[in-house]
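One structure is given below, encoded as structure tokens.
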Amino acid sequence: MLKNILSPDFINAILRASTPILFATLASAIASKSGITNMALEGMLLFSALFGVIFSSLTHSFLGGLLITMVIGGLIGFALAFFILQLKTDEILAAIALNLIATGGTVLLLLAFSGDRGASTSISSVSAPTIAIPGIAQIPFLGKVLSGQNLMTWLSLIAVIVVHIFLYKTPMGLKIRAVGENKNAAESVGISSKKIQYIALVLSGVLCSMGGYFLSGGYMNMFTKDMSAGKGFIALAASSMGADTPIGGFLVTMLFGIAQALGNLMQLTTIPTELIQMVPYLTTLIGLAIYSYAMMKRKNKLGSHT
Amino acid sequence: MSNSVKRFEAFRMFFAIVIALLISFVIIFLVSKEPLTAIYTLITGPFKSRRNFANVIEAMIPLMFTGIGVCIMFSANQINLAGEGAFHLGGLVAAVVALQLGLPAGVSPVVAILFSGLVGAVFTAIPAVLKIKTNSSILVSSLMLNYIALWFATFILMHFICDPGIGSASYTIPDASTLPTLIAKTRIHPGLILALACAVLGYVFLFKSKIGYELRLTGQNEEFAKYSGINIVKVVLISQLLGGFIAGMGGGVELLSPIYTRFSWTSLLGYGWDAIIICTLSKNNPLYTPLAALFLAYLRTGASIMARYTDVTLEIVQITQGIIILLVVAEQFLSKYKHKMIAKEAMASLKEEEVH
Amino acid sequence: MAKETVLEMQHIMKIYSNGVVANEDVSLDLKKGEIHALLGENGAGKSTLMKVLFGIETPDHGKILLNGTETTIKSPQDAISKGIGMVHQHFMLLPSLSVAENIILGVEPRKKRFFIDMKQAIRSAKEIAEKYNFDIDVSARVEEIPVGIKQKVEILKALYRGADILILDEPTAVLTPQETEELFVQLEKLRDDGRTVIFISHKLDEIKRICDRATIMRSGKSMGTYNVNEISTSDMSKLMVGREVVLEFEKQPAKVKDVMLSVRHLDAFNTQGVQKVRDLSFDLHGGEILGIAGVEGNGQSELIDAITGLSKKYTGKIEIKGEDIKQDSIRDIRKKRLAHIPEDRMTTGCAAHLNIQENMFANQYTNPKYSGKVMLKSKVIQMRSDELIKEYLIKCKSQKQEVGMLSGGNIQKVIVAREFSTAPDIIIANQPTRGIDVGASEFIRKKLLEFRDAGCAVILVSADLNEVFSLSDRLAVMYKGNFSGVFTDVKSVTEEQLGQYMLGLKNDSENGGVSHE
């Protein structure tokens, strides 16, 4: 068992499992930094998983599929922002509505597009490619990890850095953080908080859609209904625990990835598979409790000077 | 609320539902090769036969339970989504009690449902307790708990009560525990009466009892509640426990109904999410949940009939539900008219004041 | 030393939608390179005038001339672009960001178009800080720096955007004496540099210290602009604190009874942990109205919070009818027959979306008259609500009407009806007639007198001096956390005297001679 943990396959498993969640976590982080909780990640993942399959088959290329999916992801983010900011829908309820529409809508769309019921078996979608790096592949251990990873996995890791730079080194990132922290203060220097939150949600949609694309085009190679299975919610938790920062979110997501991969390994043992399936959710719950508790203590310390 | 505002709100909800339905019809047109038949089947299907209409009533029952539970929880302004898991665990508990305790008829279902409620209550209270002790988000912890509940239930199913002949379902629920049919040739069961009773009791609790009053006050303005001397922690906990109890009962009732012969739930049934729609449509008032549940059940049943006879699958209903939520909860939807009305009223009352 | 006029506000008129005339024909002129004080009590209209200047409000009437040209200021952004900067009393800073980030927010220097040139930002921030002698670590996070430095950051923010006119709203309210001195040094530098500062305050000693001219406002009008070195502090206070209308109340002499509330050596702290009440001691008797006057922010809120149980952040003893309330919950304190009309009726005093009936019983539904063990007695409650609506002349469509739909005066009457209907022994009335119409105010004041005549002990905290003068049997002035003066012969107190105590020019507590029985 220990040998299995220390094998490159294990790390591969972690990275693969984490990729969609990582994108969703980053999406959650940007939205939260602007002051909006994006609970619609589930629905966004589902929609982009379906659209990824559809458009990659229509354009016969993964790139075409990916780009169009990202655009649609942005549009969904925009729609969510419209309902929350313009029509003043409660952000949680709007997200629940979107998730519902996604659950039903994806199945319906699939049916309309290809006649498949529940799984895109008849669509020949194009998955994102894995990247083999010939020279490095020869290096023992590291080589097996670095070479052969899916492109999306690499993109997700790059995204962590990009989002970090965006949030902390660009004017727009600064404005997003300002609006999320103190809307009044931001508006007092002339920033339109509405505009900024729109932008944040669109970006959130784009990022999340990349995760969804990988779900059906890399992690698996087709769309099945309800395939997001709570990953959007885990991402929400991960982002929370990572203080809504890209790097924090990355670390927490890796933790979950480890939990999940460990879980998969444990399938080979006698521990019942259902209990193992519980592990990522249980880890999230406990982690969240510990993190929130620590934050609470810190706030109390800062607050009282008596 | 003044009468004209109330009327406006009712009209707005009606309007939202109509728009949602229209949009759904448009989607059916886009998706189906026989849209008119599909829509026709959707709308009239439930009335076509006694059995179809009975299906509507049967589908209504679990919706009422979870809806009432969520009404109570949301009235205290706690966005606790654990009703889903509570329902699921309720079903599991009822199955286990029925299978393991072997109690006589009449006693067995009562005991089972009671335990379902208790487990549901404790389960739903967990996010609230976590919030109180660690300040973690009720939303996220309840979401995680639902999945934990699912896998725990599946674990118990697979390792303790599984029928090896079937593989993914439990042994048959003994007759002694099954709820009887109330109306011949249907599967309508006493759960209906219990649900309706809960609706009435829920209403009485929220609007006529001391604790219900404290609950609503806390949900409306926590500072005001605190200033009035209300113990916020106590109120929040009670609301979650009670809401979870009802949701849990709902799961137990559903499992023991003639609809299921075994515990075979290997995925979350989604009643927790439906409950939110019911809650939104009933404006947090348990007394209106039967109506909202009826409407939703009618849509669902119509859709499943439509799915059987035409090429449109029943997921269309989820889209309808989603759109309804969006429009009903969007405060700005038709808000211009609401403001005009309120302004008119305010001016009128100011004029009255001037006269005095 | 003829200085050019850099700003003129002429005949500004501003009436709010609820009918309150906040600014009535107010004119102000500012010369370049001066520190100009804007004096007045809370509610005198200074904040409104500045909101007009900073583009947050549009005047109903009047002109603004900047450097001789007439302009309209449409928004804060517009004001900033015209060289007007505002340092708010409540800081508009982002705690988790650094000082530099806060300063450059919205006007970030760019590097290659897409990135913030942080180095340049830090450099500019440092430059400006050093130019005006602000000793600030621009890389520190705002949440970690002390309050005095936070304010400097706010000033830097305005300067960074090229403010020639700086509006400082009660700047020294949160500063220690040293920080205040530092601030003054910087303000003088700014003045010497040719900038103009509007210094909103009511601290006369500070105004005397650094201001060149002062405009005094009272009840929405300007009482004139004066050279600071040509007017005495007592004249200033006289102009600030005056009575226009004399409210006559048929008042019986007070029949003072036993001590209902006793406060000894109270030190109370606000939510940030800052001490607001210092070693305060007094008694409150049945049958008397103790009025507490004073400029807002001198500890009144913290005192009331401690007495009513809303805050436990205090040391010292508070006893109601002889029992210490430190361990009591709010419900316990209310059970001791204490009623509380809160300062902010909308956030604390009511639930706007619930109806009148539901709001009226929040403090007494546990009374066996109105509820059994589990259930509320709806019929009784309904009847009683009708009675109260009639008795308190609450204008509404029905008791089922949402409270938020009522006018301010009627909402307050609902609250008063609720609190008074429990036949309290102690009434804490905090700004009971703020922002409501004359009729409702009169009604509420009469009610307070009624209860006082019946033997109730009343604390009346009010910024309305007419009210406080007319109703109080004893009048205390709160200044810096203690009573600077307590008067038992209220009729003989002049506005001038009151002003002096309110502004700290006179302070009996310092001499150890505050009278309390």
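Numbering starts fresh at 1 for the residues of each chain in the structure tokens, the chains themselves are lettered A, B, ... in the order given, and ligands are numbered from 1 as they appear.
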Next on the checklist: Should the cut-off be 9 Å, what would the residue list for chain C against chain A look like, counting only C-alpha atoms, as a PyMOL selection string?
Outcome noted: chain C and resi 75-78+80+91-97+101-102+105-110+114-118+269+271-275+313
Checklist entry - Neighbours of B:Leu22 within 12 Å (only C-alpha atoms; same-chain residues fewer than 6 positions away dropped), as a PyMOL selection string? => result chain B and resi 15-16+28-29+39+319-320+323-324
Grab the residues selected above and save them as a compact mmCIF listing (two decimals), in the first residue's frame with C-alpha atoms.
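Saved to result20.txt:
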```
# COMPACT_ATOMS: atom_id res chain seq x y z
CA PHE B 15 -46.96 36.10 -13.85
CA ALA B 16 -43.58 34.54 -13.13
CA ILE B 28 -40.20 21.92 -26.04
CA PHE B 29 -40.83 23.36 -29.46
CA ILE B 39 -47.30 20.14 -24.36
CA ILE B 319 -35.74 23.98 -16.19
CA THR B 320 -39.21 25.27 -15.46
CA ILE B 323 -36.90 29.78 -14.12
CA ILE B 324 -39.73 30.07 -11.63
```
Checklist entry - If we count only C-alpha atoms, which residues of chain B reach to within 6 Å of chain A? Please list them as number ranges by chain. => result B: 31, 134-136, 141, 144, 148, 151, 155, 315-316, 318-319, 322, 325-326, 329-332
Would you output that residue set with C-alpha atoms, as a tab-separated table (two decimals), in the first residue's frame?
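part-v6.tsv was written with the following content:
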```tsv
chain	number	residue	atom	x	y	z
B	31	VAL	CA	-36.39	20.05	-28.81
B	134	THR	CA	-16.80	27.42	14.88
B	135	ASN	CA	-18.47	30.07	12.76
B	136	SER	CA	-18.25	27.88	9.66
B	141	SER	CA	-21.27	22.45	5.74
B	144	MET	CA	-21.07	18.54	2.40
B	148	ILE	CA	-21.87	12.30	3.66
B	151	TRP	CA	-22.65	7.59	1.30
B	155	PHE	CA	-22.88	1.95	3.22
B	315	GLU	CA	-35.82	17.11	-17.16
B	316	ILE	CA	-37.74	19.92	-18.76
B	318	GLN	CA	-36.24	21.18	-13.72
B	319	ILE	CA	-35.74	23.98	-16.19
B	322	GLY	CA	-35.30	27.02	-12.14
B	325	ILE	CA	-37.27	30.57	-8.79
B	326	LEU	CA	-35.34	33.17	-10.73
B	329	VAL	CA	-37.25	35.79	-6.14
B	330	ALA	CA	-36.00	38.56	-8.35
B	331	GLU	CA	-37.14	41.55	-6.39
B	332	GLN	CA	-36.73	43.88	-9.28
```
All residues 9 Å or closer to A:Ala128, only C-alpha atoms, same chain fewer than 6 positions away omitted, as a short mmCIF file (atom, residue, chain, number, x, y, z; two decimals) with C-alpha atoms, in the first residue's frame:
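The resulting result_32.cif:
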```cif
data_model
loop_
_atom_site.label_atom_id
_atom_site.label_comp_id
_atom_site.auth_asym_id
_atom_site.auth_seq_id
_atom_site.Cartn_x
_atom_site.Cartn_y
_atom_site.Cartn_z
CA SER A 61 -10.97 19.91 -32.42
CA PHE A 62 -10.48 20.19 -28.75
CA LEU A 63 -9.34 23.77 -29.05
CA LEU A 66 -12.60 24.56 -25.39
CA ASN A 150 -3.38 16.27 -19.68
CA LEU A 151 -3.11 19.73 -21.14
CA MET A 152 -5.93 20.92 -18.95
CA TYR A 213 -14.52 20.89 -20.20
CA PHE A 214 -11.95 18.65 -18.60
CA GLY A 217 -12.90 15.75 -22.09
CA GLY A 218 -9.99 14.30 -20.23
#
```
Item to check | Contact set, chain B to chain C: 7 Å, only C-alpha atoms, as a list in words | outcome: Met1, Ser2, Lys208, Ser209, Lys210, Gln220, Asn221, Glu223, Phe224, Tyr227, Ser228, Gly229 and Ile230 of chain B
Checklist outcome for this item: Among B:Val26, B:Ile61, B:Ile43, B:Met73, B:Gly244 is approached most closely, using only C-alpha atoms, by B:Met73
